[in-house]
Each structure stands twice: as C-alpha cells, then as structure tokens.
>>> print(open('input.txt').read())   # compact mmCIF, C-alpha atoms
# COMPACT_ATOMS: atom_id res chain seq x y z
CA MET A 1 0.00 0.00 0.00
CA LYS A 2 2.80 2.36 0.96
CA SER A 3 4.58 1.76 -2.31
CA ILE A 4 1.35 2.49 -4.22
CA ILE A 5 0.98 5.84 -2.45
CA ALA A 6 4.66 6.56 -3.11
CA TYR A 7 4.11 5.82 -6.81
CA ILE A 8 1.07 8.12 -6.98
CA GLN A 9 3.20 10.89 -5.50
CA LYS A 10 5.88 10.45 -8.15
CA ASP A 11 6.29 13.43 -10.46
CA GLU A 12 6.19 11.35 -13.62
CA TRP A 13 4.65 7.94 -14.10
CA SER A 14 5.57 5.35 -16.65
CA PRO A 15 3.50 6.30 -19.72
CA TYR A 16 2.24 2.70 -19.76
CA ILE A 17 0.75 3.01 -16.24
CA ALA A 18 -0.82 6.39 -17.06
CA GLY A 19 -2.09 4.84 -20.31
CA VAL A 20 -3.82 2.04 -18.40
CA LEU A 21 -5.56 4.68 -16.25
CA LEU A 22 -6.74 6.52 -19.38
CA GLY A 23 -7.90 3.23 -20.90
CA LEU A 24 -10.02 2.53 -17.81
CA ILE A 25 -11.43 6.08 -18.02
CA GLY A 26 -12.32 5.35 -21.66
CA ILE A 27 -14.29 2.23 -20.63
CA LEU A 28 -16.08 4.21 -17.90
CA VAL A 29 -17.03 6.94 -20.39
CA ALA A 30 -18.56 4.25 -22.62
CA ALA A 31 -20.35 2.83 -19.57
CA ALA A 32 -21.68 6.33 -18.80
CA ALA A 33 -22.93 6.65 -22.39
CA THR A 34 -24.80 3.37 -21.91
CA ALA A 35 -26.17 4.31 -18.48
CA PHE A 36 -27.31 7.85 -19.34
CA ARG A 37 -28.35 7.05 -22.93
CA ASP A 38 -26.79 10.36 -24.01
CA PRO A 39 -25.15 10.24 -27.49
CA ALA A 40 -23.20 13.42 -26.65
CA ILE A 41 -21.11 11.53 -24.07
CA ALA A 42 -17.56 11.11 -25.37
CA LEU A 43 -13.97 11.31 -24.19
CA GLY A 44 -13.26 14.63 -25.88
CA ALA A 45 -11.68 17.99 -25.25
CA SER A 46 -11.66 20.27 -28.31
CA GLY A 47 -15.45 20.29 -28.70
CA ALA A 48 -15.78 21.82 -25.24
CA PHE A 49 -13.91 24.96 -26.30
CA GLU A 50 -16.25 25.31 -29.26
CA SER A 51 -19.33 24.88 -27.07
CA ILE A 52 -17.98 27.49 -24.62
CA PHE A 53 -17.27 29.90 -27.51
CA GLY A 54 -20.76 29.32 -28.93
CA GLY A 55 -22.34 29.86 -25.53
CA LEU A 56 -20.46 33.11 -24.93
CA THR A 57 -21.11 34.37 -28.47
CA ARG A 58 -24.81 33.68 -28.00
CA LEU A 59 -24.84 36.39 -25.32
CA VAL A 60 -23.91 39.09 -27.84
CA ALA A 61 -25.05 37.63 -31.19
CA SER A 62 -27.80 35.11 -30.47
CA ASP A 63 -29.22 35.27 -34.02
CA TRP A 64 -25.92 34.39 -35.62
CA VAL A 65 -25.36 31.39 -33.30
CA ALA A 66 -28.96 30.23 -33.76
CA LYS A 67 -28.55 30.24 -37.56
CA ASN A 68 -25.08 28.72 -37.57
CA VAL A 69 -25.19 25.13 -38.85
CA TYR A 70 -22.10 24.12 -36.86
CA PHE A 71 -23.56 25.25 -33.52
CA ARG A 72 -26.96 23.83 -34.40
CA ALA A 73 -25.89 20.37 -35.49
CA VAL A 74 -22.28 19.63 -34.51
CA ARG A 75 -21.37 21.42 -31.26
CA LEU A 76 -24.22 22.71 -29.16
CA PRO A 77 -23.53 26.19 -27.67
CA THR A 78 -24.36 25.11 -24.14
CA VAL A 79 -22.95 23.26 -21.12
CA THR A 80 -22.40 19.85 -22.70
CA TRP A 81 -20.86 16.69 -21.24
CA GLU A 82 -17.52 17.69 -22.75
CA VAL A 83 -17.60 21.15 -21.13
CA VAL A 84 -18.03 19.61 -17.66
CA MET A 85 -15.37 17.04 -18.46
CA LEU A 86 -12.92 19.75 -19.56
CA LEU A 87 -13.40 21.48 -16.21
CA GLY A 88 -12.54 18.15 -14.59
CA VAL A 89 -9.40 17.85 -16.75
CA PHE A 90 -8.09 21.15 -15.37
CA ILE A 91 -8.82 20.05 -11.79
CA GLY A 92 -7.31 16.60 -12.43
CA GLY A 93 -4.15 18.09 -13.95
CA ALA A 94 -3.76 20.40 -10.96
CA LEU A 95 -4.33 17.50 -8.54
CA GLY A 96 -1.68 15.49 -10.39
CA ALA A 97 0.85 18.29 -9.92
CA ILE A 98 -0.19 18.89 -6.30
CA SER A 99 0.11 15.17 -5.49
CA SER A 100 3.76 15.21 -6.52
CA GLY A 101 4.50 18.61 -4.96
CA THR A 102 5.43 20.12 -8.33
CA TRP A 103 2.46 22.52 -8.55
CA LYS A 104 3.59 26.03 -9.40
CA LEU A 105 2.56 28.93 -11.58
CA ARG A 106 4.98 29.34 -14.42
CA TRP A 107 5.38 31.59 -17.40
CA MET A 108 6.34 30.25 -20.77
CA PRO A 109 8.68 29.64 -22.54
CA GLU A 110 9.81 26.26 -21.29
CA LYS A 111 13.45 25.13 -21.16
CA GLN A 112 13.56 23.27 -24.48
CA TRP A 113 11.72 26.06 -26.29
CA ALA A 114 14.05 28.74 -24.85
CA GLU A 115 17.12 26.79 -25.92
CA ALA A 116 15.84 26.36 -29.47
CA PHE A 117 13.97 29.59 -30.18
CA GLY A 118 15.06 32.11 -27.54
CA LYS A 119 13.69 33.37 -24.26
CA SER A 120 11.14 35.89 -25.61
CA ARG A 121 7.84 35.43 -23.83
CA VAL A 122 5.96 37.50 -26.43
CA THR A 123 7.14 35.28 -29.29
CA ARG A 124 6.11 32.17 -27.37
CA TRP A 125 2.69 33.57 -26.53
CA VAL A 126 1.97 34.77 -30.08
CA LEU A 127 3.03 31.43 -31.56
CA VAL A 128 1.00 29.48 -29.00
CA PHE A 129 -2.03 31.58 -29.93
CA ILE A 130 -1.57 30.91 -33.66
CA GLY A 131 -0.82 27.23 -33.01
CA ALA A 132 -3.93 26.88 -30.88
CA ILE A 133 -6.07 28.36 -33.67
CA LEU A 134 -4.64 25.76 -36.09
CA LEU A 135 -5.28 23.00 -33.55
CA GLU A 136 -8.87 23.96 -32.87
CA TYR A 137 -9.63 24.60 -36.55
CA GLY A 138 -8.06 21.28 -37.57
CA ALA A 139 -10.02 19.48 -34.86
CA GLY A 140 -13.22 21.16 -36.06
CA VAL A 141 -12.63 20.03 -39.65
CA ALA A 142 -11.64 16.50 -38.66
CA GLY A 143 -14.45 16.03 -36.14
CA GLY A 144 -12.27 15.77 -33.04
CA CYS A 145 -8.82 16.18 -31.53
CA THR A 146 -6.26 13.75 -30.10
CA SER A 147 -8.79 12.91 -27.37
CA GLY A 148 -12.18 12.97 -29.04
CA LEU A 149 -11.08 11.46 -32.34
CA ALA A 150 -7.72 9.66 -32.00
CA ILE A 151 -8.32 8.08 -28.57
CA TRP A 152 -12.12 7.94 -28.28
CA GLY A 153 -12.52 7.01 -31.95
CA GLY A 154 -9.50 4.73 -31.91
CA LEU A 155 -10.74 2.64 -29.00
CA GLN A 156 -13.93 2.01 -30.98
CA LEU A 157 -11.88 1.19 -34.08
CA ALA A 158 -13.43 4.09 -36.02
CA PRO A 159 -11.54 4.50 -39.33
CA ALA A 160 -11.69 8.29 -38.86
CA ALA A 161 -9.33 8.04 -35.87
CA PHE A 162 -6.58 6.32 -37.83
CA VAL A 163 -6.92 8.62 -40.86
CA PHE A 164 -6.65 11.58 -38.47
CA MET A 165 -3.58 10.14 -36.69
CA GLY A 166 -1.87 9.57 -40.04
CA GLY A 167 -2.45 13.20 -41.04
CA MET A 168 -1.42 14.50 -37.64
CA PHE A 169 1.87 12.62 -37.61
CA ALA A 170 2.66 13.47 -41.26
CA THR A 171 2.56 17.23 -40.75
CA GLY A 172 3.70 16.97 -37.13
CA ILE A 173 6.97 15.32 -38.13
CA LEU A 174 7.38 17.74 -41.05
CA THR A 175 6.74 20.77 -38.83
CA ALA A 176 9.20 19.55 -36.18
CA LEU A 177 11.77 18.98 -38.96
CA ILE A 178 11.29 22.51 -40.28
CA VAL A 179 11.31 24.38 -36.95
CA TYR A 180 14.19 22.38 -35.46
CA ARG A 181 16.20 22.07 -38.71
CA ARG A 182 19.69 20.79 -37.87
CA ARG A 183 18.77 20.25 -34.24
CA TYR A 184 16.13 17.71 -35.25
CA MET B 1 -27.92 17.07 -18.12
CA SER B 2 -28.89 15.53 -14.81
CA VAL B 3 -26.87 16.16 -11.64
CA ALA B 4 -25.65 12.55 -11.72
CA GLU B 5 -24.38 13.01 -15.28
CA ILE B 6 -22.54 16.23 -14.34
CA VAL B 7 -20.86 14.53 -11.37
CA VAL B 8 -19.78 11.56 -13.50
CA ALA B 9 -18.45 13.87 -16.23
CA LEU B 10 -16.48 15.87 -13.66
CA VAL B 11 -15.00 12.78 -11.97
CA LEU B 12 -14.01 11.16 -15.28
CA GLY B 13 -12.52 14.49 -16.43
CA ILE B 14 -10.45 14.64 -13.24
CA GLY B 15 -9.16 11.12 -13.94
CA PHE B 16 -8.34 12.11 -17.53
CA GLY B 17 -6.44 15.24 -16.44
CA PHE B 18 -4.62 13.29 -13.73
CA ALA B 19 -3.46 10.65 -16.24
CA LEU B 20 -2.31 13.32 -18.72
CA GLN B 21 -0.38 15.20 -16.05
CA LYS B 22 1.29 12.05 -14.66
CA ALA B 23 2.32 10.98 -18.16
CA GLY B 24 3.99 14.39 -18.49
CA LEU B 25 1.86 15.43 -21.46
CA THR B 26 1.19 18.86 -19.98
CA GLN B 27 4.72 19.82 -20.98
CA TYR B 28 5.92 21.29 -24.27
CA HIS B 29 8.90 18.98 -24.73
CA LYS B 30 6.86 15.78 -24.26
CA ILE B 31 4.51 16.70 -27.11
CA VAL B 32 7.13 18.03 -29.54
CA ASN B 33 9.69 15.29 -28.97
CA VAL B 34 7.36 12.55 -30.15
CA PHE B 35 7.57 14.18 -33.59
CA ARG B 36 11.38 14.26 -33.28
CA PHE B 37 11.44 10.58 -32.17
CA THR B 38 13.45 11.49 -29.06
CA ASP B 39 10.68 10.76 -26.50
CA LEU B 40 7.83 8.46 -27.44
CA ALA B 41 5.81 8.94 -24.22
CA VAL B 42 2.79 10.30 -26.15
CA LEU B 43 2.63 7.17 -28.30
CA LYS B 44 3.23 4.77 -25.40
CA PHE B 45 0.51 6.52 -23.41
CA MET B 46 -2.03 6.64 -26.25
CA MET B 47 -1.47 3.12 -27.51
CA THR B 48 -1.65 1.60 -24.00
CA ALA B 49 -4.91 3.45 -23.41
CA LEU B 50 -6.27 2.21 -26.75
CA ILE B 51 -5.35 -1.43 -26.04
CA VAL B 52 -6.81 -1.41 -22.51
CA ALA B 53 -9.99 0.38 -23.57
CA MET B 54 -10.51 -1.74 -26.70
CA ALA B 55 -10.12 -5.00 -24.77
CA GLY B 56 -12.43 -3.77 -22.01
CA LEU B 57 -15.03 -2.24 -24.30
CA PHE B 58 -15.38 -5.09 -26.78
CA GLY B 59 -15.06 -7.65 -23.96
CA LEU B 60 -17.88 -6.07 -21.95
CA ASP B 61 -19.93 -5.69 -25.12
CA ALA B 62 -19.51 -9.41 -25.89
CA LEU B 63 -20.72 -10.19 -22.35
CA GLY B 64 -23.73 -7.94 -22.96
CA LEU B 65 -22.82 -5.59 -20.09
CA LEU B 66 -22.26 -2.52 -22.22
CA ALA B 67 -23.59 -1.02 -25.44
CA LEU B 68 -20.94 0.19 -27.88
CA PRO B 69 -21.14 3.99 -28.11
CA VAL B 70 -21.65 5.90 -31.36
CA PRO B 71 -18.20 6.21 -32.97
CA PRO B 72 -16.97 9.50 -34.50
CA GLN B 73 -18.01 9.83 -38.13
CA THR B 74 -15.63 8.85 -40.89
CA TYR B 75 -15.40 11.27 -43.82
CA ILE B 76 -11.91 10.54 -45.09
CA VAL B 77 -10.99 13.86 -46.73
CA GLY B 78 -12.18 15.90 -43.74
CA ASN B 79 -10.55 13.60 -41.18
CA LEU B 80 -7.28 13.72 -43.12
CA VAL B 81 -7.21 17.45 -43.87
CA GLY B 82 -8.18 18.23 -40.27
CA GLY B 83 -5.39 15.96 -39.07
CA LEU B 84 -2.89 17.65 -41.37
CA ILE B 85 -3.80 21.11 -39.99
CA PHE B 86 -3.87 19.79 -36.43
CA GLY B 87 -0.36 18.31 -36.72
CA VAL B 88 1.15 21.69 -37.65
CA GLY B 89 -0.27 23.31 -34.53
CA MET B 90 0.59 20.40 -32.25
CA ALA B 91 4.22 20.04 -33.33
CA GLY B 92 4.72 23.78 -33.81
CA VAL B 93 3.85 24.88 -30.29
CA GLY B 94 3.53 21.65 -28.33
CA ILE B 95 -0.04 21.73 -27.10
>>> encode(input="input.txt", output="structure tokens")
Amino acid sequence: MKSIIAYIQKDEWSPYIAGVLLGLIGILVAAAATAFRDPAIALGASGAFESIFGGLTRLVASDWVAKNVYFRAVRLPTVTWEVVMLLGVFIGGALGAISSGTWKLRWMPEKQWAEAFGKSRVTRWVLVFIGAILLEYGAGVAGGCTSGLAIWGGLQLAPAAFVFMGGMFATGILTALIVYRRRY
Amino acid sequence: MSVAEIVVALVLGIGFGFALQKAGLTQYHKIVNVFRFTDLAVLKFMMTALIVAMAGLFGLDALGLLALPVPPQTYIVGNLVGGLIFGVGMAGVGI
C-alpha cells in the first residue's frame, strides 16, 4: 500500500501506467454513455472549447449562433458533457501536480523552447495563440482532436481516428523537422 | 444534463487530467519530442490506453454488459485534412 501511495506521488509515471488509467477512463465513459443514454457523451476535449465559444457568443449575437449550422448540429452552444469534463481535466491536472508537490505557476517559454527559439515570452505567446487556432480549426474540420477522435474514436476502431492520426503525424513530423532544422 | 451526469463527467474528467499530467503530457517537450522521435511517451501513453480500452469495451460488449457507443463519423478527406492542420499546430507549439 505504501509503495502504491509513493508511486502516486511520483512526479512522472511510466506512460504505460498512465495509459492504463486513461484506458479505464475510456471504458467508464462508454459505460456512462450506456447508463445515461446520451449520445453526446464522449472522451473529448476540443469540442468543449467550441461549445464554450458558442455559448459566450450567443450572449452578444444570439441570431448568428442560432442560424449557424455548426452550432446547431455539430457542437451545441451550451454546457455539454464535454464542457463539464474539460473542467474536470483542469482540476485533475492540478491534482496530479499537487500530489507530486510540483504545482507552481509558471510563465512560458519552457526550457527546451528557450534553448531552441530564444527566451522571448511575447514570441512564445503569439506562436501558441496561432498554433492553438490551427489546432482547434483542424479538430473542427476532422471532427475531433487527439482525445475525441484519435483516442475515443481509436478505441472504438473508427476509421476516422486512424486517418486523423496519419495526417497528424505526417505534418507533425514535417513541422518539427522545419522548426528544429539541424537540431532535429 | 442531470446532476448525476454532471458529477460523473467531472469525476471522469479529473481522472483524464490526472493521467495526462502524470504521463507528463502537460509539458511542451513531451509533445514536440514525439515528432522528433526522441521521446515516445505520447505514443506509449495513447497506444496503451487504446489497447486497454478496446479489450475492455469489446469484452464487456460481448458479455452484454455494455452497449458500444456511437463512434466518430468517418469522412476521409475531412478527417485527413483536419489531421494535417492539427499536426502543424501540435508540433509547432507543443499543445
């Protein structure tokens, strides 16, 4: 028992152990979908940001959101299962850091980024903003992100998940090659 | 959503966030280095989760204890193009 608690308090787990935990969460999400009979239940993340955006936009431009096909049919502009789950992800991430005593507020850039691209915080923030737009847009086009499509789709053997992963790794490797050049 | 559903969503989200944090995937270098083949933690984490969840899901379905959920839709061009855009953002800034 003591060694289990000691392992939980470790800063970084073996990715295999953490993967088993995520796999169990995946099964429980499927069990929840069965129990609550709610087709919106999924192990996703990117859709939550879209629902939050839709919900906030509805406050100032309700007509536009009401007419928008995407918010009407794909991502509802309200507090969905994924929105609540995303809130849990933030809490869970914080608990993970607190459990290992590594919780702290930090400003970007991180060590590896600073070594490769310099210490400028503004550059890092601007690029993160642009990168996040690409991420969210790509996820919107594909129908999910690494969680909602690659993992949640993958564990159900949905072809979409594997097509998405292929695309993601193709440009991911290419992008890393380009930005890291000789340091790749 | 019922209160029970909100509680379950929150608890499962906490477990998801905890697993991500413990695997180190909240850090820039963990995400980028999988595309440089210097740290494959993302792949090890994802593939282990897929194997465990697939075995559990299809096993429980075969026993009749669970209904398979509705899988994400496959529309190959959209899935692929979305993935191509997504990969640029993911490897570019590590999120």
>>> interface_residues(input="input.txt", of="chain A", to="chain B", cutoff="6 Å", atoms="only C-alpha atoms", output="JSON, numbers by chain")
{"A": [12, 13, 15, 16, 18, 19, 20, 22, 23, 26, 27, 34, 84, 85, 88, 89, 91, 92, 93, 96, 128, 131, 134, 135, 138, 139, 141, 142, 153, 155, 160, 163, 164, 167, 168, 171, 172, 173, 175, 176]}
>>> closest_residue(input="input.txt", among="A:Ile52, A:Met108, A:Ile5, A:Cys145", to="Phe71 of chain A", atoms="all atoms listed in the file")
A:Ile52
>>> residues_around(input="input.txt", residues="segment 74-78 of chain A", least_positions_apart="5", cutoff="8 Å", atoms="all atoms listed in the file", output="VMD selection string")
chain A and resid 47 50 to 55 58 65 69
>>> atom_distance(input="input.txt", atom1="atom CA of Ala6 of chain A", atom2="atom CA of Leu105 of chain A")
24.0 Å
